[in-house]
Every structure is written in C-alpha cells, then in structure tokens.
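For reference, start_3.cif is printed below; it contains mmCIF, C-alpha atoms.
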```
data_entry
loop_
_atom_site.label_atom_id
_atom_site.label_comp_id
_atom_site.auth_asym_id
_atom_site.auth_seq_id
_atom_site.Cartn_x
_atom_site.Cartn_y
_atom_site.Cartn_z
CA MET D 1 92.80 -19.40 -222.32
CA GLY D 2 90.04 -17.66 -224.26
CA VAL D 3 89.37 -15.02 -226.88
CA ASN D 4 89.41 -11.61 -225.20
CA ASN D 5 88.51 -8.44 -227.06
CA ILE D 6 90.75 -5.46 -226.41
CA SER D 7 87.85 -3.16 -227.33
CA ASN D 8 84.10 -3.47 -227.80
CA GLU D 9 84.45 -3.07 -231.55
CA PHE D 10 86.13 -4.99 -234.34
CA ILE D 11 89.41 -6.71 -233.46
CA ALA D 12 91.66 -9.02 -235.41
CA GLY D 13 94.83 -11.04 -235.13
CA VAL D 14 97.29 -12.54 -237.62
CA SER D 15 99.98 -15.22 -237.59
CA ILE D 16 102.19 -17.18 -239.96
CA GLU D 17 104.06 -20.48 -239.59
CA ASN D 18 106.56 -22.36 -241.76
CA ILE D 19 105.06 -25.79 -242.57
CA SER D 20 107.76 -27.05 -244.97
CA PRO D 21 108.55 -30.78 -244.76
CA LYS D 22 111.92 -32.35 -244.08
CA LYS D 23 114.03 -33.62 -246.96
CA GLY D 24 112.91 -37.01 -248.25
CA ILE D 25 109.18 -36.70 -247.57
CA GLU D 26 107.15 -37.57 -250.67
CA LEU D 27 105.51 -34.84 -252.71
CA ALA D 28 101.86 -35.19 -253.72
CA GLY D 29 99.71 -34.69 -256.76
CA TYR D 30 101.06 -36.91 -259.53
CA PRO D 31 100.21 -40.64 -259.57
CA HIS D 32 103.00 -43.06 -260.62
CA TYR D 33 105.68 -40.53 -259.79
CA LEU D 34 107.31 -41.29 -256.46
CA ARG D 35 108.86 -37.92 -255.70
CA LYS D 36 110.76 -37.89 -252.45
CA ASN D 37 111.69 -34.23 -252.16
CA ILE D 38 115.37 -33.36 -252.50
CA GLY D 39 115.10 -30.04 -250.71
CA ILE D 40 113.20 -26.79 -250.42
CA HIS D 41 113.02 -24.39 -253.34
CA ASP D 42 110.63 -22.05 -251.55
CA HIS D 43 109.03 -22.63 -248.17
CA LEU D 44 105.45 -23.70 -247.53
CA TYR D 45 103.49 -21.59 -245.05
CA GLY D 46 100.35 -21.66 -243.01
CA SER D 47 98.77 -18.27 -242.33
CA CYS D 48 95.80 -17.26 -240.18
CA ILE D 49 93.50 -14.26 -239.84
CA PHE D 50 91.40 -14.04 -236.67
CA LEU D 51 88.34 -11.76 -236.76
CA SER D 52 86.10 -10.90 -233.82
CA SER D 53 83.18 -8.49 -233.49
CA LYS D 54 80.23 -8.32 -231.11
CA GLY D 55 80.82 -11.79 -229.70
CA LYS D 56 81.24 -13.49 -233.11
CA ASN D 57 84.56 -15.06 -234.17
CA ILE D 58 85.99 -16.25 -237.47
CA PHE D 59 89.37 -17.93 -238.04
CA LEU D 60 90.53 -18.07 -241.67
CA VAL D 61 93.49 -20.41 -242.17
CA CYS D 62 95.25 -20.86 -245.52
CA LEU D 63 97.82 -23.63 -246.01
CA ASP D 64 100.30 -24.34 -248.80
CA THR D 65 99.13 -27.96 -248.95
CA LEU D 66 97.64 -30.07 -251.75
CA MET D 67 94.58 -30.71 -249.60
CA LEU D 68 94.03 -31.49 -245.94
CA SER D 69 91.68 -34.24 -244.86
CA LYS D 70 88.66 -33.40 -242.74
CA LYS D 71 89.93 -36.13 -240.41
CA TYR D 72 92.92 -33.98 -239.45
CA ILE D 73 91.06 -30.67 -239.60
CA LYS D 74 88.64 -31.99 -236.97
CA ILE D 75 91.58 -32.71 -234.65
CA ILE D 76 92.94 -29.19 -235.13
CA CYS D 77 89.54 -27.56 -234.58
CA LYS D 78 88.94 -29.63 -231.45
CA ASN D 79 92.36 -28.68 -230.06
CA VAL D 80 91.77 -24.97 -230.71
CA SER D 81 88.22 -25.06 -229.34
CA GLU D 82 89.41 -26.55 -226.06
CA LYS D 83 92.28 -24.09 -225.66
CA LEU D 84 90.51 -20.90 -226.75
CA ASN D 85 86.91 -21.67 -225.75
CA VAL D 86 85.65 -20.97 -229.27
CA LEU D 87 83.33 -22.97 -231.51
CA GLU D 88 84.93 -25.55 -233.81
CA LYS D 89 82.66 -24.30 -236.62
CA ASP D 90 84.24 -20.84 -236.36
CA ILE D 91 87.42 -22.24 -237.95
CA ILE D 92 87.89 -22.51 -241.74
CA ILE D 93 91.02 -24.26 -243.00
CA SER D 94 91.70 -24.08 -246.75
CA SER D 95 94.45 -25.54 -248.95
CA SER D 96 96.19 -23.79 -251.84
CA HIS D 97 96.45 -27.14 -253.70
CA SER D 98 100.17 -27.00 -254.46
CA HIS D 99 101.28 -30.23 -256.17
CA SER D 100 104.78 -29.70 -254.80
CA SER D 101 103.75 -30.22 -251.18
CA PRO D 102 103.41 -33.45 -249.13
CA TRP D 103 100.44 -35.81 -249.03
CA THR D 104 98.07 -34.73 -246.25
CA SER D 105 94.98 -36.77 -247.13
CA GLY D 106 93.93 -40.14 -248.50
CA MET D 107 94.83 -41.07 -252.06
CA LEU D 108 92.80 -42.00 -255.13
CA ASP D 109 95.04 -43.78 -257.61
CA LEU D 110 95.02 -47.55 -258.17
CA GLU D 111 98.65 -47.97 -257.13
CA ALA D 112 98.03 -46.27 -253.78
CA LEU D 113 94.87 -48.28 -253.11
CA LYS D 114 96.56 -51.62 -253.91
CA ASN D 115 99.59 -50.88 -251.74
CA ASN D 116 97.73 -49.05 -248.96
CA PHE D 117 99.97 -45.99 -249.28
CA GLU D 118 99.52 -43.38 -246.56
CA PRO D 119 100.84 -39.87 -245.92
CA ASP D 120 103.95 -39.40 -243.78
CA HIS D 121 102.57 -39.66 -240.24
CA ALA D 122 105.42 -37.73 -238.62
CA TYR D 123 104.83 -34.79 -240.97
CA LEU D 124 101.08 -34.92 -240.33
CA ASP D 125 101.60 -34.86 -236.55
CA GLU D 126 103.91 -31.88 -236.95
CA LEU D 127 101.44 -30.12 -239.26
CA ILE D 128 98.53 -30.61 -236.84
CA TYR D 129 100.66 -29.22 -234.00
CA LYS D 130 101.83 -26.22 -236.05
CA VAL D 131 98.39 -25.30 -237.42
CA THR D 132 96.88 -25.56 -233.93
CA ASN D 133 99.51 -23.13 -232.64
CA LEU D 134 99.09 -20.94 -235.71
CA ILE D 135 95.43 -20.35 -234.87
CA ILE D 136 96.11 -19.81 -231.18
CA ASN D 137 98.87 -17.31 -231.98
CA ALA D 138 96.51 -15.32 -234.24
CA SER D 139 93.99 -15.05 -231.40
CA ASN D 140 96.72 -13.91 -229.00
CA ASN D 141 98.02 -11.23 -231.37
CA GLN D 142 94.98 -8.93 -231.13
CA PHE D 143 94.63 -5.37 -232.35
CA ASP D 144 91.84 -2.92 -233.14
CA ALA D 145 91.23 -3.47 -236.82
CA LYS D 146 89.53 -2.47 -240.03
CA ILE D 147 88.92 -4.59 -243.08
CA GLY D 148 88.46 -4.05 -246.81
CA PHE D 149 87.34 -6.10 -249.82
CA GLY D 150 88.07 -5.62 -253.50
CA CYS D 151 88.03 -7.50 -256.80
CA GLY D 152 90.06 -7.25 -260.00
CA ASN D 153 90.73 -9.41 -263.02
CA CYS D 154 93.60 -11.49 -264.37
CA GLY D 155 93.21 -14.20 -267.00
CA LYS D 156 94.35 -15.81 -270.21
CA GLU D 157 94.88 -12.43 -271.87
CA LYS D 158 98.02 -12.28 -269.70
CA GLY D 159 98.95 -15.91 -270.31
CA ILE D 160 97.86 -16.81 -266.80
CA GLY D 161 95.19 -19.47 -266.98
CA GLY D 162 91.69 -20.56 -267.77
CA ASN D 163 89.77 -23.71 -268.59
CA ARG D 164 92.05 -26.74 -268.86
CA ILE D 165 89.55 -28.96 -270.70
CA ASN D 166 88.58 -26.40 -273.34
CA PRO D 167 90.73 -23.24 -273.62
CA ASN D 168 87.60 -21.36 -274.66
CA GLY D 169 85.49 -22.86 -271.90
CA PRO D 170 84.18 -21.22 -268.70
CA ALA D 171 86.76 -19.54 -266.47
CA ASP D 172 86.77 -17.41 -263.35
CA THR D 173 89.33 -14.63 -263.65
CA ASP D 174 88.29 -12.76 -260.49
CA VAL D 175 91.15 -11.74 -258.22
CA TRP D 176 89.52 -11.22 -254.83
CA VAL D 177 91.53 -9.44 -252.15
CA ILE D 178 90.81 -9.03 -248.45
CA GLY D 179 92.94 -6.45 -246.66
CA LEU D 180 93.34 -6.08 -242.91
CA LYS D 181 94.77 -2.98 -241.20
CA ASP D 182 95.24 -1.88 -237.61
CA SER D 183 93.84 1.37 -236.21
CA GLU D 184 97.00 3.24 -237.30
CA ASP D 185 96.59 2.17 -240.95
CA ASN D 186 99.40 -0.38 -240.89
CA LEU D 187 98.64 -3.25 -243.26
CA LYS D 188 98.60 -6.41 -241.16
CA ALA D 189 97.40 -9.03 -243.65
CA CYS D 190 96.30 -9.57 -247.23
CA LEU D 191 94.34 -12.58 -248.53
CA VAL D 192 94.20 -13.30 -252.26
CA ASN D 193 91.55 -15.65 -253.70
CA TYR D 194 92.06 -16.94 -257.25
CA ALA D 195 90.87 -20.00 -259.20
CA LEU D 196 93.85 -21.72 -260.85
CA HIS D 197 95.52 -25.10 -260.30
CA PRO D 198 99.05 -24.62 -258.85
CA THR D 199 100.49 -27.05 -261.40
CA VAL D 200 102.96 -24.87 -263.24
CA LEU D 201 105.51 -27.26 -261.72
CA HIS D 202 104.90 -30.85 -262.81
CA GLU D 203 106.01 -34.38 -261.98
CA ASP D 204 109.62 -33.69 -262.97
CA ASN D 205 109.99 -31.26 -260.05
CA ASN D 206 111.42 -32.81 -256.88
CA PHE D 207 111.70 -29.64 -254.83
CA VAL D 208 109.25 -28.43 -252.20
CA SER D 209 107.41 -25.38 -253.51
CA ALA D 210 104.19 -23.40 -253.09
CA ASP D 211 104.12 -23.03 -256.91
CA TYR D 212 102.73 -19.72 -258.25
CA PRO D 213 100.95 -18.72 -254.97
CA GLY D 214 104.39 -18.63 -253.35
CA TYR D 215 105.42 -16.03 -255.91
CA ILE D 216 102.32 -13.94 -255.23
CA ARG D 217 103.54 -13.95 -251.63
CA GLU D 218 107.06 -12.97 -252.75
CA TYR D 219 105.77 -10.09 -254.89
CA PHE D 220 103.48 -8.88 -252.10
CA ALA D 221 106.33 -8.98 -249.56
CA GLU D 222 108.45 -6.60 -251.64
CA SER D 223 106.14 -3.70 -250.79
CA ASN D 224 104.61 -5.08 -247.57
CA PRO D 225 107.35 -6.99 -245.73
CA ASP D 226 105.65 -6.83 -242.33
CA ALA D 227 102.21 -8.04 -243.40
CA VAL D 228 101.01 -11.65 -243.42
CA PHE D 229 100.02 -13.05 -246.82
CA LEU D 230 97.33 -15.69 -247.35
CA PHE D 231 96.22 -17.48 -250.52
CA SER D 232 92.91 -19.30 -250.90
CA GLN D 233 92.11 -21.45 -253.92
CA GLY D 234 88.99 -20.68 -255.93
CA ALA D 235 86.92 -23.26 -257.80
CA SER D 236 89.77 -24.63 -259.92
CA GLY D 237 88.64 -28.21 -260.61
CA ASN D 238 88.85 -27.50 -264.35
CA GLN D 239 91.10 -24.42 -264.26
CA SER D 240 94.84 -24.51 -264.95
CA THR D 241 97.67 -22.97 -266.94
CA ARG D 242 97.76 -25.89 -269.43
CA TYR D 243 96.88 -23.97 -272.59
CA PHE D 244 98.27 -20.63 -271.51
CA ARG D 245 101.65 -21.04 -269.79
CA LYS D 246 105.00 -20.48 -271.47
CA GLY D 247 106.73 -23.36 -269.72
CA GLN D 248 106.73 -25.48 -266.58
CA SER D 249 109.57 -23.90 -264.65
CA PHE D 250 110.05 -21.90 -261.49
CA GLU D 251 110.61 -18.87 -263.70
CA GLU D 252 107.15 -19.37 -265.26
CA ALA D 253 105.57 -19.88 -261.83
CA LYS D 254 107.20 -16.59 -260.84
CA ARG D 255 105.84 -14.79 -263.91
CA ILE D 256 102.32 -15.99 -263.21
CA GLY D 257 102.52 -15.27 -259.48
CA TYR D 258 103.88 -11.78 -260.10
CA GLU D 259 101.12 -10.95 -262.60
CA ILE D 260 98.44 -11.95 -260.09
CA GLY D 261 100.37 -10.14 -257.34
CA LYS D 262 100.45 -6.91 -259.38
CA GLU D 263 96.69 -7.03 -259.77
CA ALA D 264 96.23 -7.76 -256.06
CA ILE D 265 98.37 -4.75 -255.07
CA LYS D 266 96.34 -2.47 -257.39
CA ILE D 267 93.14 -3.67 -255.72
CA LEU D 268 94.62 -3.21 -252.26
CA GLU D 269 95.70 0.36 -252.99
CA LYS D 270 92.15 1.35 -254.03
CA MET D 271 90.43 -0.48 -251.18
CA THR D 272 88.16 1.20 -248.64
CA PHE D 273 88.56 -0.06 -245.08
CA SER D 274 85.96 -0.09 -242.31
CA ASP D 275 85.95 -0.87 -238.60
CA GLU D 276 82.15 -1.13 -238.44
CA ILE D 277 81.92 -4.88 -238.86
CA THR D 278 79.24 -7.54 -238.44
CA LEU D 279 80.37 -11.17 -238.62
CA ASP D 280 78.23 -14.24 -239.24
CA ILE D 281 79.06 -17.83 -240.08
CA PHE D 282 76.59 -20.44 -241.30
CA SER D 283 77.16 -24.10 -242.04
CA THR D 284 75.30 -27.18 -243.16
CA GLU D 285 76.22 -30.84 -243.57
CA THR D 286 75.38 -32.77 -246.70
CA GLU D 287 75.74 -36.33 -247.87
CA LEU D 288 77.70 -36.97 -251.05
CA ILE D 289 75.89 -38.32 -254.10
CA LEU D 290 78.07 -41.08 -255.60
CA ARG D 291 78.27 -42.02 -259.25
CA GLU D 292 77.13 -45.29 -260.78
CA LEU D 293 80.19 -47.42 -261.54
CA PRO D 294 80.63 -49.47 -264.73
CA SER D 295 81.31 -53.21 -264.79
CA ILE D 296 84.88 -54.37 -264.35
CA GLU D 297 84.96 -55.49 -268.01
CA ILE D 298 83.91 -52.07 -269.31
CA ALA D 299 86.40 -50.32 -267.02
CA GLN D 300 89.24 -52.60 -268.15
CA ASP D 301 88.40 -52.15 -271.84
CA LYS D 302 88.33 -48.36 -271.49
CA LEU D 303 91.69 -48.38 -269.73
CA LYS D 304 93.22 -50.57 -272.46
CA ILE D 305 92.00 -48.29 -275.27
CA LEU D 306 93.19 -45.09 -273.58
CA LYS D 307 96.57 -46.60 -272.62
CA GLU D 308 97.13 -47.63 -276.26
CA LYS D 309 96.22 -44.12 -277.45
CA TYR D 310 98.62 -42.53 -274.96
CA ASP D 311 101.47 -44.89 -275.95
CA TYR D 312 100.85 -44.20 -279.65
CA LEU D 313 100.94 -40.41 -279.24
CA LYS D 314 104.02 -40.55 -277.02
CA ASN D 315 105.91 -42.76 -279.49
CA SER D 316 104.89 -40.68 -282.52
CA ASN D 317 106.22 -37.38 -281.14
CA ALA D 318 102.79 -35.75 -280.94
CA SER D 319 102.41 -32.30 -279.36
CA TYR D 320 102.84 -31.91 -275.62
CA ILE D 321 99.19 -30.92 -275.18
CA ASP D 322 97.92 -33.99 -277.05
CA ILE D 323 100.22 -36.30 -275.08
CA GLN D 324 99.33 -34.69 -271.76
CA ASN D 325 95.59 -34.88 -272.39
CA ALA D 326 95.88 -38.53 -273.46
CA TYR D 327 97.97 -39.29 -270.38
CA LEU D 328 95.42 -37.72 -268.06
CA ASN D 329 92.55 -39.58 -269.73
CA TYR D 330 94.49 -42.81 -269.24
CA LEU D 331 95.07 -41.98 -265.56
CA GLY D 332 91.39 -41.19 -265.14
CA ALA D 333 90.42 -44.57 -266.61
CA GLU D 334 92.87 -46.24 -264.26
CA ASP D 335 91.32 -44.49 -261.27
CA LEU D 336 87.86 -45.54 -262.44
CA LEU D 337 89.03 -49.17 -262.59
CA GLY D 338 90.41 -48.64 -259.10
CA TYR D 339 86.97 -47.67 -257.84
CA VAL D 340 85.42 -50.76 -259.42
CA LEU D 341 88.06 -52.99 -257.80
CA LEU D 342 87.64 -51.09 -254.55
CA LYS D 343 83.96 -51.95 -254.48
CA GLU D 344 84.56 -55.56 -255.49
CA LYS D 345 87.45 -56.23 -253.08
CA ARG D 346 86.10 -53.99 -250.31
CA TRP D 347 89.29 -51.95 -250.07
CA LYS D 348 89.14 -48.95 -247.77
CA LEU D 349 88.93 -45.55 -249.49
CA SER D 350 89.96 -43.10 -246.78
CA LEU D 351 89.40 -40.15 -249.13
CA LEU D 352 85.70 -40.97 -248.87
CA GLU D 353 85.37 -42.41 -245.37
CA ASP D 354 87.38 -39.62 -243.70
CA GLU D 355 85.48 -36.80 -245.45
CA VAL D 356 81.79 -37.54 -244.81
CA PRO D 357 79.50 -35.89 -244.15
CA ALA D 358 80.71 -32.99 -246.28
CA GLU D 359 80.29 -29.51 -244.79
CA ILE D 360 79.45 -26.24 -246.50
CA PHE D 361 80.28 -22.94 -244.81
CA VAL D 362 79.09 -19.43 -245.67
CA LEU D 363 80.83 -16.47 -244.04
CA LYS D 364 79.21 -13.05 -244.06
CA ILE D 365 81.37 -10.03 -243.25
CA ASN D 366 79.05 -7.04 -243.61
CA GLY D 367 77.78 -7.47 -247.19
CA ASN D 368 80.71 -9.62 -248.31
CA ILE D 369 80.22 -13.36 -248.73
CA ILE D 370 82.80 -16.15 -248.60
CA VAL D 371 81.46 -19.56 -249.66
CA CYS D 372 83.66 -22.41 -248.42
CA LEU D 373 83.29 -25.81 -250.11
CA PRO D 374 85.20 -29.08 -249.65
CA GLY D 375 87.07 -30.77 -252.48
CA GLU D 376 87.97 -29.65 -256.00
CA ILE D 377 85.02 -27.85 -257.57
CA PHE D 378 84.36 -27.22 -261.25
CA VAL D 379 84.27 -23.51 -262.02
CA GLU D 380 80.71 -23.66 -263.43
CA PHE D 381 79.35 -24.25 -259.93
CA ALA D 382 81.18 -21.23 -258.50
CA LEU D 383 80.09 -19.03 -261.41
CA GLU D 384 76.48 -20.06 -260.82
CA ILE D 385 76.76 -19.24 -257.11
CA LYS D 386 78.25 -15.82 -257.88
CA ALA D 387 75.64 -15.06 -260.57
CA LYS D 388 72.68 -16.02 -258.38
CA SER D 389 73.97 -14.68 -255.06
CA PRO D 390 71.90 -11.77 -253.71
CA PHE D 391 75.23 -10.29 -252.54
CA LYS D 392 77.40 -8.50 -255.09
CA ASN D 393 80.67 -9.40 -253.35
CA THR D 394 80.66 -13.20 -253.33
CA MET D 395 83.79 -15.33 -253.50
CA VAL D 396 84.32 -19.10 -253.34
CA PHE D 397 87.04 -21.01 -251.48
CA GLU D 398 87.46 -24.69 -252.44
CA LEU D 399 89.31 -27.40 -250.47
CA SER D 400 87.96 -25.87 -247.27
CA ASN D 401 87.51 -28.00 -244.15
CA GLY D 402 88.00 -31.20 -246.08
CA CYS D 403 88.54 -32.85 -249.43
CA LEU D 404 86.49 -35.28 -251.51
CA PRO D 405 87.00 -38.52 -253.49
CA GLY D 406 87.64 -36.80 -256.80
CA TYR D 407 86.42 -33.74 -258.64
CA THR D 408 82.96 -32.22 -258.27
CA CYS D 409 82.19 -32.26 -262.00
CA THR D 410 79.33 -30.96 -264.13
CA LYS D 411 76.91 -33.11 -266.10
CA ASP D 412 78.60 -31.97 -269.33
CA ALA D 413 81.96 -33.23 -268.04
CA PHE D 414 80.45 -36.67 -267.46
CA ASN D 415 78.93 -36.66 -270.94
CA ASN D 416 82.35 -35.89 -272.44
CA SER D 417 84.06 -38.54 -270.27
CA GLY D 418 87.41 -36.81 -269.69
CA TYR D 419 90.04 -37.14 -266.97
CA GLU D 420 88.19 -35.26 -264.24
CA SER D 421 84.91 -37.17 -264.62
CA SER D 422 86.73 -40.52 -264.81
CA THR D 423 88.78 -39.93 -261.68
CA THR D 424 85.90 -39.05 -259.37
CA LEU D 425 83.58 -41.16 -257.27
CA LEU D 426 81.05 -38.31 -257.16
CA SER D 427 77.99 -37.82 -259.34
CA TYR D 428 77.47 -34.46 -261.04
CA GLU D 429 74.47 -34.15 -258.71
CA THR D 430 76.89 -33.53 -255.82
CA GLY D 431 77.89 -30.17 -257.33
CA GLU D 432 74.31 -29.27 -258.10
CA ASN D 433 73.41 -30.10 -254.50
CA PHE D 434 76.25 -27.86 -253.23
CA VAL D 435 74.96 -24.94 -255.29
CA SER D 436 71.38 -25.46 -254.11
CA LYS D 437 72.38 -25.56 -250.44
CA VAL D 438 74.61 -22.49 -250.74
CA LEU D 439 71.89 -20.47 -252.45
CA ASP D 440 69.36 -21.55 -249.81
CA ILE D 441 71.65 -20.09 -247.15
CA LEU D 442 72.36 -16.89 -249.11
CA ASN D 443 68.70 -16.27 -249.89
CA SER D 444 67.77 -16.82 -246.25
CA LEU D 445 70.06 -13.92 -245.32
#
```
Would you mind giving the structure from this file in structure tokens?
Amino acid sequence: MGVNNISNEFIAGVSIENISPKKGIELAGYPHYLRKNIGIHDHLYGSCIFLSSKGKNIFLVCLDTLMLSKKYIKIICKNVSEKLNVLEKDIIISSSHSHSSPWTSGMLDLEALKNNFEPDHAYLDELIYKVTNLIINASNNQFDAKIGFGCGNCGKEKGIGGNRINPNGPADTDVWVIGLKDSEDNLKACLVNYALHPTVLHEDNNFVSADYPGYIREYFAESNPDAVFLFSQGASGNQSTRYFRKGQSFEEAKRIGYEIGKEAIKILEKMTFSDEITLDIFSTETELILRELPSIEIAQDKLKILKEKYDYLKNSNASYIDIQNAYLNYLGAEDLLGYVLLKEKRWKLSLLEDEVPAEIFVLKINGNIIVCLPGEIFVEFALEIKAKSPFKNTMVFELSNGCLPGYTCTKDAFNNSGYESSTTLLSYETGENFVSKVLDILNSL
C-alpha cells in the first residue's frame, strides 16, 4: 500500500478515531492522586490530516492525550512508513495535554519513581494500533483539496487564560486556525492551535475528558457536523486558566471551549483557501541540556520548608490561589528531590531515556510555518520564535513527536525558583537552544 495522488495537484485526506480508555484505567497529570477513571464524560479522539503536493507528504495527528512518549511515536511512525511507503519524518503527532486522559509516557514524581509506576500497557497497545490505523485511513480517504490559514485572538479579557505564574506576565492569545476543504467547497477539517493548559478540570475529577478542547470540538460540530476537528497545544508551559477561570467544572470548561470555538469559527468564515500548495518539512535532532542538581541536603531542606508553608496555608483557610501555588511549589521541590535520589540510586527515568535525542520539526505550507517542539515549552520561547520568524504566519505546536523530563523553562523562571523550574531536569539553555535551532531553519528558508 502506498500514497497515491488522485490528481497532480494538492490532495488531502482526513480521519478521526475514538481513543477513550476503558473504565478503571488511571488518569494522568496530578501526582499523589490515584484517579482510576469511573467512566467517560466526553470521549477522547485522535484526528489526522494528510496533505500531499508535488511528491511531498505531511501527516498532522492531534491526540487528546496528556503527552505521548517518543518511544511509542517511533513505533507508530515505523508502522505507517512500512505500510504506506512514506518517510517516518513526514509524520507529526501532537498531544492536547488533557489532564483527564490516561498516562501515555514516563512519569516524573517521586512516588512514581520509587514504585516504578508505568502506564497501562493494554491501553498503550490499543492506542498505538488505533493511531497507526488513523494515519493510514487519512491517506486512503483522498480528495482534491484547498487549504486556508487564519489567526484571531482570545485571552484573559474573556476570562479564558494567560500566564499562570504571574497573571500580568507574558501570554500568547493567538487562535490559529487551519481549514481544509474539498474541490466542491465542503469543509473537511479544521485545526485549532491555542496555548493554554487543559487543567480546568483538576484532581477531584475522575471522569475521562478532553477538558476545554473537547468543548471547542463540540461547538465546532454544531455548525460543521461532517468535518473533522483537531486541536494542537501551543507553548503552554506557563499558561493556564488559574487566575482567570470562574470555577473548575465541566460547565467552566464548556464556557472556555465555546469562547475559543466562537473565535475559531469567525476566523474560518473569513479565511481564503488555495489549491496552489507547496509543502516542505525540515527536522533536526538536538541533545538536551540538563540542569545542575543541588545536594541531597539542600533538596531535603527546601522540601521541608515548602511542605510546612503549604500545610500552614491549608490549615489557616488561606485563599485557593495561595494554597494552590504553595502546593505546586511543594510538589516541585519533591520532584527535585526525586531527581537527586534518581542520580544517587541510579533509578531509571524513562521520561528522559525514551525521549532523546529530542527532535525539532518545521513545516512550511506555502508561506505558513508550523514549528513543532517536544515537551512543555514556556510561552516566552514561542513568542520569541514568532517575533523573529521571517514568516508572518508562524505558529508553534508543543508536545509534538515526544515529551521531555519537565518543563522547558526560561532563565527568569529558574531565578524565581517556582514549581515549573523545580520540577524539570532541563536547564533554561535547552529552550534557548530550541529557539536558536528553529530560527536557523527559518532563516535558511
């Protein structure tokens, strides 16, 4: 089986697959909270867009998963390459980062490292099988196509989201939309790219859910029931609804998803589509630059101080925000101690070993750029890429073709020693290196 164009011009294909887990499989994203799901609130999906023009192919896959290890992505890409006779590097698989989906990668927290916790292998096998078929089905569902790109805005002015460390800090409120139509102007697919942690639902939720991206899908389906919806996560390492949401319920996730969905539909309705398409995909591998770890004594002392502060605030009925920030700082210190013990006891950290070398991808569709980075990226790095890109239309997908051992933080984040910089094994130089390599590629074009 191979990829066969039905014309000499631009063709595309789309597909969608339900990837929801069975009841009882643990949900990811919140250390110390064993959350075996009690059922499905809204289904998780995998969606794929296949693009082909003049002998070049691109497969864009978006999954409602927390993050998917490069270890498993490599298996999927190898399977597809063998069955379709396409290059493995033509396939980009991104995660939405829903914290109400199963574990599909290694884990970072001390408890998981000590007990050698692993994702549910039966679910992973099923996911690999389904995503492989998802990509193959997109390539088999070919049609003459045209594509459009557009960008709007949706941020804290609508109570949606922004910087979760400092509510007045840097944020990326771009709503990027990619639309795909057939030759008869039927909308076949819509991809929305937005930078915001899907953590409206927190550790008290035991239901499977795609969080707010699932509600963007629901809103989109009301007016476009036959089109496939995809969601890609922007650089949301320090972006969330923490200071801006009105609650942590499904109703609030719906409000946020619908607001973003409204903006996406407006962009889609104004979009210009073209069937004159040139595709290019570029990639480079890079080693990760790891942080310098403190001594075990310093790490233990920091954990003790932050645990005492968290307990004090919790017992004195402090505000939710103060308690939550203290809790996260305590968790970050615990993870940092975990890294120190990991090094001392030579425990295996699969979230590092399975992800190296990291890969950076740059997709060029006419003058539109999609930068695909692994792991959770601080927004400052994406904003720098967008500002310095020689291409006006530049968007960033994080958690693409792999994850990383913690956040890709800025130097300022390390200086302020918060949750994100404590719970990462990466130096701030990793993010700076990512930006440098991306800009080298963009400037070479």
Selection near D:Ile216, 7 Å with all atoms listed in the file, sequence-local residues under 4 positions removed, as a PDB file with C-alpha atoms, in the frame of the given file:
```pdb
ATOM      1  CA  TYR D 212     102.730 -19.720-258.250  1.00  0.00           C
ATOM      2  CA  PHE D 220     103.480  -8.880-252.100  1.00  0.00           C
ATOM      3  CA  GLY D 257     102.520 -15.270-259.480  1.00  0.00           C
ATOM      4  CA  TYR D 258     103.880 -11.780-260.100  1.00  0.00           C
ATOM      5  CA  ILE D 260      98.440 -11.950-260.090  1.00  0.00           C
ATOM      6  CA  GLY D 261     100.370 -10.140-257.340  1.00  0.00           C
TER       7      GLY D 261
END
```
In terms of the shortest atom-to-atom distance over only C-alpha atoms, which of D:Ser295, D:Thr394, D:Asn18, D:Thr173 is closest to D:Glu126? D:Asn18
Please, what distance in Å, to one decimal, runs between atom CA of D:Leu108 and atom CA of D:Ser249?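 Interatomic distance here is 26.4 Å.
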Hey, what's within 12 Å of D:Lys345 if we count only C-alpha atoms and toss same-chain stuff fewer than 5 positions away? As a ChimeraX atom specification, please? /D:113-114,296,337-340
Could you write out that same residue set with C-alpha atoms as a tab-separated table (two decimals), in the frame of the given file?
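Ended up saving to result.tsv:
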```tsv
chain	number	residue	atom	x	y	z
D	113	LEU	CA	94.87	-48.28	-253.11
D	114	LYS	CA	96.56	-51.62	-253.91
D	296	ILE	CA	84.88	-54.37	-264.35
D	337	LEU	CA	89.03	-49.17	-262.59
D	338	GLY	CA	90.41	-48.64	-259.10
D	339	TYR	CA	86.97	-47.67	-257.84
D	340	VAL	CA	85.42	-50.76	-259.42
```
Out of D:Thr241, D:Thr423, D:Ser101, D:Asn140, which residue has the shortest atom-to-atom distance to D:Lys158 when counting only C-alpha atoms?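 Looking at the shortest contact to D:Lys158, the residue is D:Thr241.
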Which residue, D:Glu259, D:Asp120, D:Asp311, D:Glu432, has the smallest gap to D:Glu157 when you use only C-alpha atoms?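 Answer, going by the shortest atom-to-atom distance: D:Glu259.
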How would you write as a list in words the residues that get within 12 Å of (91.0, -52.9, -269.3) in the file's frame, counting only C-alpha atoms?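 Counting only C-alpha atoms, I find these residues within 12 Å of (91.0, -52.9, -269.3): Pro294, Ser295, Ile296, Glu297, Ile298, Ala299, Gln300, Asp301, Lys302, Leu303, Lys304, Ile305, Leu306, Lys307, Glu308, Tyr330, Ala333, Glu334, Asp335, Leu336, Leu337, Gly338, Val340 and Leu341 of chain D.
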Skip D:Thr286 itself and residues of its chain fewer than 2 positions away, then list as a PyMOL selection string all residues within 8 Å of it, counting only C-alpha atoms. chain D and resi 284+288+357-360
Given only C-alpha atoms as the basis, pick out the residue of D:Val177, D:Leu404, D:Leu373, D:Ile267 nearest to D:Phe361.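 Counting only C-alpha atoms, the residue closest to D:Phe361 is D:Leu373.
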What gap, in Å, lies between atom CA of D:Asn166 and atom CA of D:Gly406? 19.6 Å
Report as AutoDock Vina command-line options the centre and the edge lengths, in Å to one decimal, of the axis-aligned box holding every listed atom of stretch 182-201 of chain D, padded by 4 Å on each side.
```
--center_x 98.2 --center_y -12.0 --center_z -249.7 --size_x 22.6 --size_y 38.5 --size_z 35.0
```
Which one is closest to D:Lys270: D:Phe397, D:Phe149, D:Phe378, D:Tyr419? Count all atoms listed in the file.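 Using all atoms listed in the file, the shortest distance to D:Lys270 belongs to D:Phe149.
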For a quick check of understanding, using only C-alpha atoms, which of D:Lys343, D:Lys130, D:Lys411, D:Lys146 has the smallest distance to D:Val61?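 Looking at the shortest contact to D:Val61, the residue is D:Lys130.
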